[in-house]
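Engineer: Mind having a look at this structure? Questions to follow.
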Amino acid sequence: MNDDKAPLYLSLVAAALLATALLTLQPYSAEPVGKGFGKPAERFVRAALAQDSVALARLSATDRPVTWALAVARRAPGSLAAWAHHTQAWTGERRGDTTQVFLYSRAALCDDAPIQFRFVGARSGAKVVGASSACLDSAPNARGGAPQP
């Protein structure tokens, strides 16, 4: 190696190492929107499908989402099952420690009408304070009749 080309080679090696470190470490990468709330929302839906009122109460901050979830699970368990796995969560409005989360199902059923959650608290310990869905709130009961009030 020529002495006059050594600084060029060293600069290229240093640039390659820096680029590799930046791509590996990604110091400014952000997590996908809603990622932290997707799992708690799915746990809530699975507890509703199992009609597990104790688990629903543990995942909720008030009785209102528990009542809603149990009613939907009795009225339309097949429709609710679409939100138990393979979902995508998006966060909406945030006010203080309350976050609105939209849980979309990848199933064709109601793909444009998510379950809307309101979570209070941090992602790992977030509790549901509200839940609703335009699709599930109007879903017919299991016998195929009209929605029950």
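Naming scheme: A, B, ... for chains in displayed order of the structure tokens; residues 1 onward per chain; ligands 1 onward as shown.
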If we count only C-alpha atoms, what is near region 86-93 of chain A at a cut-off of 9 Å, once residues fewer than 4 positions away on the same chain are taken out, given as number ranges by chain?

Structural biologist: A: 32-39, 41-42, 82, 98-107

Engineer: Just asking: which residues within region 8-137 of chain A are strand (DSSP E or B) according to DSSP, as a PyMOL selection string?

Structural biologist: chain A and resi 60+87-95+98-105+115-120+127-132

Engineer: Write the residues of the preceding selection, restricted to N, CA, C and O atoms, as a compact mmCIF listing (two decimals), in the first residue's frame.

Structural biologist:
```txt
# COMPACT_ATOMS: atom_id res chain seq x y z
N SER A 60 -59.46 -3.28 32.72
CA SER A 60 -60.25 -2.06 32.57
C SER A 60 -60.13 -1.17 33.80
O SER A 60 -59.90 -1.65 34.91
N THR A 87 -54.02 -8.28 14.32
CA THR A 87 -54.64 -6.96 14.22
C THR A 87 -53.57 -5.90 14.01
O THR A 87 -52.37 -6.18 14.11
N GLN A 88 -54.03 -4.72 13.73
CA GLN A 88 -53.14 -3.58 13.60
C GLN A 88 -53.73 -2.45 14.42
O GLN A 88 -54.90 -2.10 14.27
N ALA A 89 -52.92 -1.89 15.32
CA ALA A 89 -53.38 -0.82 16.20
C ALA A 89 -52.79 0.51 15.75
O ALA A 89 -51.61 0.59 15.41
N TRP A 90 -53.63 1.53 15.76
CA TRP A 90 -53.19 2.89 15.43
C TRP A 90 -53.65 3.80 16.57
O TRP A 90 -54.78 3.68 17.04
N THR A 91 -52.78 4.69 16.97
CA THR A 91 -53.15 5.63 18.02
C THR A 91 -53.78 6.86 17.39
O THR A 91 -53.42 7.27 16.29
N GLY A 92 -54.73 7.41 18.12
CA GLY A 92 -55.40 8.63 17.69
C GLY A 92 -55.08 9.75 18.66
O GLY A 92 -53.92 9.95 19.04
N GLU A 93 -56.09 10.41 19.11
CA GLU A 93 -55.94 11.56 19.98
C GLU A 93 -55.35 11.16 21.34
O GLU A 93 -55.70 10.14 21.90
N ARG A 94 -54.46 12.01 21.82
CA ARG A 94 -53.88 11.81 23.15
C ARG A 94 -54.16 13.06 23.97
O ARG A 94 -53.91 14.17 23.53
N ARG A 95 -54.68 12.83 25.17
CA ARG A 95 -54.94 13.93 26.11
C ARG A 95 -54.43 13.50 27.48
O ARG A 95 -55.00 12.58 28.07
N THR A 98 -54.43 9.79 28.63
CA THR A 98 -55.46 9.02 27.92
C THR A 98 -55.14 8.99 26.43
O THR A 98 -54.84 10.02 25.83
N THR A 99 -55.19 7.80 25.85
CA THR A 99 -54.86 7.61 24.44
C THR A 99 -55.99 6.87 23.74
O THR A 99 -56.48 5.87 24.24
N GLN A 100 -56.40 7.39 22.60
CA GLN A 100 -57.40 6.71 21.77
C GLN A 100 -56.66 5.76 20.84
O GLN A 100 -55.66 6.13 20.21
N VAL A 101 -57.14 4.52 20.76
CA VAL A 101 -56.49 3.50 19.93
C VAL A 101 -57.55 2.87 19.03
O VAL A 101 -58.64 2.53 19.48
N PHE A 102 -57.21 2.71 17.76
CA PHE A 102 -58.08 2.08 16.78
C PHE A 102 -57.49 0.72 16.46
O PHE A 102 -56.37 0.63 15.96
N LEU A 103 -58.22 -0.34 16.75
CA LEU A 103 -57.76 -1.70 16.50
C LEU A 103 -58.46 -2.23 15.25
O LEU A 103 -59.67 -2.45 15.26
N TYR A 104 -57.68 -2.42 14.19
CA TYR A 104 -58.22 -2.91 12.93
C TYR A 104 -57.97 -4.41 12.80
O TYR A 104 -56.90 -4.90 13.15
N SER A 105 -58.93 -5.12 12.27
CA SER A 105 -58.80 -6.54 12.01
C SER A 105 -58.30 -6.72 10.59
O SER A 105 -58.65 -5.96 9.70
N ILE A 115 -62.35 -1.40 16.25
CA ILE A 115 -62.78 -1.24 17.64
C ILE A 115 -62.01 -0.03 18.15
O ILE A 115 -60.80 0.06 18.00
N GLN A 116 -62.74 0.91 18.72
CA GLN A 116 -62.11 2.11 19.27
C GLN A 116 -61.97 1.94 20.77
O GLN A 116 -62.96 1.74 21.47
N PHE A 117 -60.73 2.01 21.23
CA PHE A 117 -60.44 1.92 22.66
C PHE A 117 -59.99 3.26 23.17
O PHE A 117 -59.39 4.04 22.44
N ARG A 118 -60.24 3.50 24.43
CA ARG A 118 -59.61 4.61 25.14
C ARG A 118 -58.83 3.98 26.28
O ARG A 118 -59.41 3.29 27.12
N PHE A 119 -57.52 4.17 26.25
CA PHE A 119 -56.64 3.65 27.28
C PHE A 119 -56.18 4.78 28.18
O PHE A 119 -55.95 5.89 27.71
N VAL A 120 -56.03 4.47 29.45
CA VAL A 120 -55.46 5.43 30.38
C VAL A 120 -54.21 4.78 30.97
O VAL A 120 -54.20 3.58 31.25
N LYS A 127 -54.91 0.72 30.95
CA LYS A 127 -56.22 0.15 31.27
C LYS A 127 -57.26 0.76 30.33
O LYS A 127 -57.19 1.92 29.97
N VAL A 128 -58.25 -0.04 29.98
CA VAL A 128 -59.31 0.40 29.07
C VAL A 128 -60.34 1.20 29.86
O VAL A 128 -60.82 0.75 30.89
N VAL A 129 -60.66 2.40 29.37
CA VAL A 129 -61.73 3.20 29.98
C VAL A 129 -62.93 3.32 29.06
O VAL A 129 -63.99 3.76 29.47
N GLY A 130 -62.75 2.92 27.80
CA GLY A 130 -63.85 2.96 26.86
C GLY A 130 -63.59 2.06 25.68
O GLY A 130 -62.44 1.88 25.27
N ALA A 131 -64.64 1.45 25.15
CA ALA A 131 -64.53 0.58 23.97
C ALA A 131 -65.83 0.65 23.19
O ALA A 131 -66.91 0.66 23.78
N SER A 132 -65.71 0.71 21.86
CA SER A 132 -66.89 0.72 21.01
C SER A 132 -66.47 0.34 19.59
O SER A 132 -65.30 0.38 19.25
```

Engineer: Residues within 8 Å of Ala81 (chain A), please, as a ChimeraX atom specification. Count only C-alpha atoms; anything in the same chain fewer than 6 positions from it doesn't count.

Structural biologist: /A:45-46,49

Engineer: What is the distance, in Å and to one decimal place, between CA of Val54 (chain A) and CA of Val66 (chain A)?

Structural biologist: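 For CA of Val54 (chain A) relative to CA of Val66 (chain A), the distance reads 9.3 Å.
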
Engineer: Identify, on the basis of only C-alpha atoms, every residue whose closest approach to Ala55 (chain A) does not exceed 10 Å; exclude the query and any residue fewer than 3 positions from it along the same chain; express the result as a compact mmCIF listing (two decimals) with C-alpha atoms, in the first residue's frame.

Structural biologist:
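Everything below was put into selection.txt:
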```txt
# COMPACT_ATOMS: atom_id res chain seq x y z
CA ARG A 43 -55.79 -9.27 25.42
CA PHE A 44 -59.00 -7.36 26.11
CA ARG A 46 -59.56 -12.40 23.93
CA ALA A 47 -60.88 -11.95 27.48
CA ALA A 48 -64.19 -10.76 26.02
CA ALA A 50 -63.80 -16.06 26.75
CA GLN A 51 -66.42 -13.99 28.61
CA ASP A 52 -63.89 -13.73 31.43
CA ARG A 58 -58.37 -6.38 35.56
CA LEU A 59 -57.72 -4.88 32.10
CA SER A 60 -60.25 -2.06 32.57
CA VAL A 66 -66.45 -4.69 30.69
```
